[in-house]
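S.K.: Below is target.tsv; it holds TSV, C-alpha atoms.
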```
chain	number	residue	atom	x	y	z
A	8	MET	CA	-0.33	-12.65	11.63
A	9	ASP	CA	1.99	-14.82	9.48
A	10	ALA	CA	3.94	-11.77	8.31
A	11	LYS	CA	5.11	-10.90	11.81
A	12	ARG	CA	8.43	-12.23	12.97
A	13	LEU	CA	8.54	-14.74	15.76
A	14	SER	CA	9.58	-13.34	19.13
A	15	HIS	CA	12.62	-14.81	20.88
A	16	PRO	CA	10.46	-17.03	23.14
A	17	GLU	CA	8.48	-18.20	20.08
A	18	VAL	CA	11.71	-19.08	18.26
A	19	ALA	CA	12.81	-21.09	21.30
A	20	ILE	CA	9.44	-22.87	21.41
A	21	ALA	CA	9.53	-23.54	17.65
A	22	CYS	CA	13.01	-25.04	17.89
A	23	ALA	CA	12.15	-27.12	20.95
A	24	LEU	CA	9.05	-28.53	19.25
A	25	ALA	CA	11.01	-29.32	16.08
A	26	ALA	CA	13.70	-31.07	18.13
A	27	LEU	CA	11.05	-33.05	20.02
A	28	MET	CA	9.49	-34.23	16.76
A	29	ALA	CA	12.88	-35.10	15.29
A	30	ALA	CA	13.86	-37.05	18.40
A	31	THR	CA	10.67	-39.11	18.65
A	32	ARG	CA	9.11	-39.54	15.20
A	33	PHE	CA	11.10	-42.60	14.11
A	34	HIS	CA	9.36	-44.91	16.59
A	35	HIS	CA	5.66	-44.12	16.71
A	36	PHE	CA	4.56	-45.95	19.86
A	37	GLY	CA	7.86	-46.01	21.66
A	38	SER	CA	9.43	-48.87	23.53
A	39	ALA	CA	11.75	-49.45	26.43
A	40	MET	CA	14.46	-47.68	24.41
A	41	TYR	CA	12.51	-44.96	22.59
A	42	LEU	CA	10.02	-42.29	23.58
A	43	PRO	CA	6.66	-42.39	21.78
A	44	ASP	CA	6.12	-40.14	18.80
A	45	ALA	CA	5.40	-36.56	19.89
A	46	SER	CA	4.09	-35.35	16.51
A	47	LEU	CA	0.46	-34.99	17.65
A	48	ALA	CA	1.52	-32.93	20.65
A	49	VAL	CA	3.92	-30.88	18.53
A	50	PHE	CA	1.09	-29.85	16.20
A	51	PHE	CA	-1.25	-29.04	19.09
A	52	LEU	CA	1.41	-27.07	20.95
A	53	GLY	CA	2.52	-25.36	17.75
A	54	GLY	CA	-1.03	-24.12	17.25
A	55	LEU	CA	-1.23	-23.08	20.89
A	56	TYR	CA	2.04	-21.18	21.07
A	57	LEU	CA	2.93	-20.20	17.48
A	58	ARG	CA	-0.46	-19.97	15.71
A	59	ARG	CA	1.05	-19.13	12.31
A	60	THR	CA	-0.01	-21.09	9.25
A	61	LEU	CA	3.55	-20.92	7.95
A	62	ALA	CA	4.72	-22.73	11.10
A	63	PHE	CA	2.12	-25.46	10.47
A	64	GLY	CA	3.55	-25.93	6.98
A	65	ALA	CA	7.09	-26.06	8.36
A	66	TYR	CA	6.17	-28.79	10.85
A	67	ALA	CA	4.30	-30.75	8.17
A	68	GLY	CA	7.39	-30.52	5.97
A	69	LEU	CA	9.61	-31.60	8.85
A	70	ALA	CA	7.37	-34.60	9.52
A	71	ALA	CA	7.56	-35.65	5.86
A	72	LEU	CA	11.35	-35.17	5.83
A	73	ILE	CA	11.77	-37.28	8.97
A	74	ASP	CA	9.57	-40.00	7.46
A	75	TYR	CA	11.60	-39.93	4.24
A	76	LEU	CA	14.89	-40.18	6.15
A	77	ALA	CA	13.53	-42.98	8.35
A	78	ILE	CA	12.48	-44.98	5.29
A	79	ALA	CA	15.41	-44.16	2.99
A	80	HIS	CA	18.21	-44.32	5.54
A	81	GLY	CA	16.87	-45.54	8.88
A	82	GLY	CA	15.63	-49.00	8.01
A	83	VAL	CA	11.97	-48.16	8.67
A	84	GLY	CA	9.53	-49.87	6.30
A	85	ASP	CA	7.31	-47.90	3.92
A	86	TRP	CA	4.11	-49.86	4.66
A	87	CYS	CA	2.32	-46.69	5.85
A	88	VAL	CA	3.25	-44.64	2.79
A	89	THR	CA	0.15	-45.06	0.63
A	90	PRO	CA	-2.27	-42.55	-0.93
A	91	ALA	CA	-3.64	-42.16	2.62
A	92	TYR	CA	-0.36	-40.48	3.67
A	93	ALA	CA	-1.74	-37.20	2.29
A	94	PHE	CA	-4.43	-37.35	4.97
A	95	LEU	CA	-1.82	-36.65	7.60
A	96	LEU	CA	-2.28	-32.97	6.67
A	97	PRO	CA	-5.91	-32.81	7.86
A	98	THR	CA	-4.99	-35.12	10.74
A	99	TYR	CA	-2.38	-32.67	11.99
A	100	ALA	CA	-4.53	-29.67	11.09
A	101	CYS	CA	-7.15	-30.86	13.59
A	102	LEU	CA	-4.59	-30.65	16.35
A	103	TRP	CA	-3.08	-27.39	15.12
A	104	TRP	CA	-6.40	-25.56	14.93
A	105	ALA	CA	-7.49	-26.94	18.30
A	106	GLY	CA	-4.30	-25.42	19.70
A	107	VAL	CA	-5.01	-22.12	17.93
A	108	TRP	CA	-8.54	-22.15	19.34
A	109	CYS	CA	-7.18	-22.70	22.85
A	110	SER	CA	-4.69	-19.84	22.37
A	111	ARG	CA	-7.61	-17.46	21.98
A	112	HIS	CA	-9.01	-18.35	25.39
A	113	ASP	CA	-7.61	-18.11	28.88
A	114	ARG	CA	-5.93	-21.45	29.50
A	115	HIS	CA	-4.96	-20.90	33.13
A	116	GLY	CA	-7.06	-21.91	36.10
A	117	TRP	CA	-9.23	-24.99	36.22
A	118	ARG	CA	-11.61	-23.79	33.49
A	119	GLY	CA	-8.79	-22.99	31.12
A	120	TYR	CA	-7.08	-26.32	31.72
A	121	ALA	CA	-10.40	-28.15	31.31
A	122	ARG	CA	-11.02	-26.34	28.00
A	123	LEU	CA	-7.52	-27.19	26.83
A	124	ALA	CA	-7.91	-30.85	27.85
A	125	GLY	CA	-11.29	-31.11	26.13
A	126	ALA	CA	-9.97	-29.56	22.92
A	127	LEU	CA	-6.96	-31.89	22.96
A	128	LEU	CA	-9.13	-34.97	23.52
A	129	VAL	CA	-11.59	-34.06	20.76
A	130	ALA	CA	-8.85	-33.10	18.30
A	131	THR	CA	-6.84	-36.25	19.02
A	132	GLY	CA	-9.93	-38.43	18.56
A	133	LEU	CA	-10.75	-36.70	15.28
A	134	ALA	CA	-7.13	-36.98	14.15
A	135	PHE	CA	-7.16	-40.71	14.91
A	136	LEU	CA	-10.38	-41.14	12.97
A	137	ILE	CA	-9.07	-39.24	9.92
A	138	SER	CA	-5.72	-41.00	9.80
A	139	ASN	CA	-7.13	-44.48	10.36
A	140	ALA	CA	-10.22	-44.15	8.15
A	141	SER	CA	-8.13	-42.80	5.28
A	142	PHE	CA	-5.63	-45.63	5.73
A	143	TYR	CA	-8.45	-48.17	5.74
A	144	GLY	CA	-10.07	-46.68	2.66
A	145	LEU	CA	-7.04	-45.74	0.57
A	146	SER	CA	-4.14	-48.01	1.46
A	147	GLY	CA	-5.36	-50.97	-0.58
A	148	TYR	CA	-4.51	-53.38	2.24
A	149	PHE	CA	-8.01	-54.03	3.59
A	150	GLY	CA	-10.14	-55.04	0.60
A	151	GLU	CA	-11.72	-58.07	2.28
A	152	LEU	CA	-11.84	-56.61	5.78
A	153	SER	CA	-15.12	-55.08	6.91
A	154	LEU	CA	-15.16	-51.68	8.56
A	155	ALA	CA	-16.22	-53.31	11.86
A	156	GLU	CA	-13.30	-55.77	11.70
A	157	TYR	CA	-10.89	-52.97	10.88
A	158	ALA	CA	-12.23	-50.79	13.72
A	159	ALA	CA	-11.78	-53.68	16.15
A	160	ARG	CA	-8.18	-54.13	15.02
A	161	VAL	CA	-7.17	-50.47	15.24
A	162	ALA	CA	-9.03	-49.69	18.49
A	163	ARG	CA	-6.05	-51.01	20.43
A	164	TYR	CA	-3.88	-48.26	18.91
A	165	PHE	CA	-6.05	-45.41	20.16
A	166	PRO	CA	-5.00	-45.51	23.85
A	167	PRO	CA	-1.26	-45.09	23.15
A	168	TYR	CA	-2.09	-42.50	20.45
A	169	LEU	CA	-4.10	-40.49	22.97
A	170	VAL	CA	-1.88	-41.05	26.01
A	171	SER	CA	1.31	-39.94	24.29
A	172	ALA	CA	-0.32	-36.75	22.99
A	173	VAL	CA	-1.81	-35.95	26.39
A	174	ALA	CA	1.44	-36.72	28.24
A	175	TYR	CA	3.56	-34.45	26.06
A	176	VAL	CA	1.02	-31.61	26.16
A	177	ALA	CA	0.61	-31.96	29.93
A	178	ALA	CA	4.40	-31.80	30.37
A	179	ALA	CA	4.57	-28.66	28.22
A	180	ILE	CA	1.71	-26.97	30.07
A	181	ALA	CA	3.28	-27.89	33.43
A	182	PHE	CA	6.60	-26.43	32.25
A	183	GLU	CA	4.83	-23.26	31.12
A	184	ALA	CA	3.09	-22.98	34.50
A	185	LEU	CA	6.45	-23.34	36.28
A	186	VAL	CA	8.02	-20.65	34.10
A	187	VAL	CA	5.08	-18.28	34.67
A	188	TYR	CA	5.09	-19.00	38.41
A	189	GLY	CA	8.88	-18.53	38.57
A	190	SER	CA	8.74	-15.20	36.73
A	191	ARG	CA	5.97	-13.96	39.04
A	192	LEU	CA	7.94	-15.07	42.08
A	193	LYS	CA	11.04	-13.29	40.76
A	194	ALA	CA	9.01	-10.12	40.12
A	195	ASP	CA	7.62	-10.25	43.67
A	196	VAL	CA	11.09	-10.64	45.14
A	197	THR	CA	12.54	-7.72	43.15
A	198	GLN	CA	9.63	-5.45	44.14
A	199	ARG	CA	10.36	-5.95	47.84
```
Translate this structure into structure tokens?
M.R.:
Amino acid sequence: MDAKRLSHPEVAIACALAALMAATRFHHFGSAMYLPDASLAVFFLGGLYLRRTLAFGAYAGLAALIDYLAIAHGGVGDWCVTPAYAFLLPTYACLWWAGVWCSRHDRHGWRGYARLAGALLVATGLAFLISNASFYGLSGYFGELSLAEYAARVARYFPPYLVSAVAYVAAAIAFEALVVYGSRLKADVTQR
């Protein structure tokens, strides 16, 4: 499947997802001035719509490039760049492969949307666990902090982590539904 060229709609999706990541990755949780980081949603949606392993690698490279530019030229601190940074690959792979899994099933109708939502929730929870556990274990910052204390501290980050991923994916799925509905409506009008 990786050897096949992307179709024109897939190229548009790939570019839109890359632009979304580039526009939001500098500020992970967002603020009144910035949208929250869309990287989790980009990986899930990339798996859902593009499915190619090469595309996963391209988005992982883009994420690393954005992080480098943010640190080297954007005034963002490098506190998160530790040996645990490598665990972003399995973190994002959870979301990518959940998206690929959803692409193999009907995602329209209430069952399809429920399956998609369940896969997104499970993958986002697993991604949070991988990224935070690896940071706890490998960053070198938490030597005297117990796992329970660390879990209590990071638990407050899970809601925005989950909500931003769900919001971006929901917006994309709603947009897709509008496009599909619009094309069906147009086809009905031209058949009359």
S.K.: So, counting all atoms listed in the file, which residue among A:Ala70, A:Leu154, A:Val176, A:Leu61 is closest to A:Leu127?
M.R.: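 Ranked by minimum distance to A:Leu127, first place goes to A:Val176.
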S.K.: Which residues come within 10 Å of A:Phe94, counting only C-alpha atoms, excluding same-chain residues fewer than 4 positions away, as a list in words?
M.R.: Thr89, Pro90, Thr98, Tyr99, Ala100, Ala134, Ile137, Ser138, Asn139, Ala140, Ser141, Phe142 and Leu145 of chain A
S.K.: What does the distance from atom CA of A:Leu102 to atom CA of A:Gly189 come to in Å, to one decimal?
M.R.: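 Between atom CA of A:Leu102 and atom CA of A:Gly189 the gap works out to 28.7 Å.
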S.K.: For A:Ala48, work out the shell of residues within 9 Å, counting all atoms listed in the file and skipping chain neighbours fewer than 6 positions away, then give it as a list in words.
M.R.: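 So the residues in contact are Leu24, Met28, Leu102, Leu127, Ser171, Ala172, Val173, Ala174, Tyr175 and Val176 of chain A.
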S.K.: In Å, rounded to a single decimal, give me how far atom CA of A:Leu13 is from atom CA of A:Ala62.
M.R.: 10.0 Å
S.K.: Quick one: distance from atom CA of A:Leu96 to atom CA of A:Arg59 in Å, one decimal?
M.R.: 15.3 Å
S.K.: Give me the residues within 9 Å of A:Tyr56 as a list in words, counting all atoms listed in the file and dropping any in the same chain fewer than 2 places off.
M.R.: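 Everything that qualifies: Glu17, Ile20, Ala21, Phe51, Leu52, Gly53, Gly54, Arg58, Gly106, Val107 and Ser110 of chain A.
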S.K.: Could you write out that same residue set with C-alpha atoms as a PDB file, in the frame of the given file?
M.R.:
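Generated file (selection.pdb):
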```
ATOM      1  CA  GLU A  17       8.480 -18.200  20.080  1.00  0.00           C
ATOM      2  CA  ILE A  20       9.440 -22.870  21.410  1.00  0.00           C
ATOM      3  CA  ALA A  21       9.530 -23.540  17.650  1.00  0.00           C
ATOM      4  CA  PHE A  51      -1.250 -29.040  19.090  1.00  0.00           C
ATOM      5  CA  LEU A  52       1.410 -27.070  20.950  1.00  0.00           C
ATOM      6  CA  GLY A  53       2.520 -25.360  17.750  1.00  0.00           C
ATOM      7  CA  GLY A  54      -1.030 -24.120  17.250  1.00  0.00           C
ATOM      8  CA  ARG A  58      -0.460 -19.970  15.710  1.00  0.00           C
ATOM      9  CA  GLY A 106      -4.300 -25.420  19.700  1.00  0.00           C
ATOM     10  CA  VAL A 107      -5.010 -22.120  17.930  1.00  0.00           C
ATOM     11  CA  SER A 110      -4.690 -19.840  22.370  1.00  0.00           C
TER      12      SER A 110
END
```
S.K.: Could you list, as number ranges by chain, every residue within 10 Å of stretch 178-188 of chain A, counting all atoms listed in the file and ignoring same-chain residues fewer than 6 positions away?
M.R.: A: 48-49, 52, 114-115, 120, 123, 194
S.K.: Can I get the selected residues back with C-alpha atoms, as a PDB file, in the coordinates of the input?
M.R.:
```pdb
ATOM      1  CA  ALA A  48       1.520 -32.930  20.650  1.00  0.00           C
ATOM      2  CA  VAL A  49       3.920 -30.880  18.530  1.00  0.00           C
ATOM      3  CA  LEU A  52       1.410 -27.070  20.950  1.00  0.00           C
ATOM      4  CA  ARG A 114      -5.930 -21.450  29.500  1.00  0.00           C
ATOM      5  CA  HIS A 115      -4.960 -20.900  33.130  1.00  0.00           C
ATOM      6  CA  TYR A 120      -7.080 -26.320  31.720  1.00  0.00           C
ATOM      7  CA  LEU A 123      -7.520 -27.190  26.830  1.00  0.00           C
ATOM      8  CA  ALA A 194       9.010 -10.120  40.120  1.00  0.00           C
TER       9      ALA A 194
END
```
S.K.: Return the single residue from A:Thr31, A:Glu151, A:Leu55, A:Asp113 that is closest to A:Ile73, with distances computed using all atoms listed in the file.
M.R.: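 Answer, going by the shortest atom-to-atom distance: A:Thr31.
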S.K.: Calculated over only C-alpha atoms, which of the candidates A:Cys109, A:Ala26, A:Ile78, A:Cys87 has the smallest distance to A:Leu57?
M.R.: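 Closest to A:Leu57, using only C-alpha atoms: A:Cys109.
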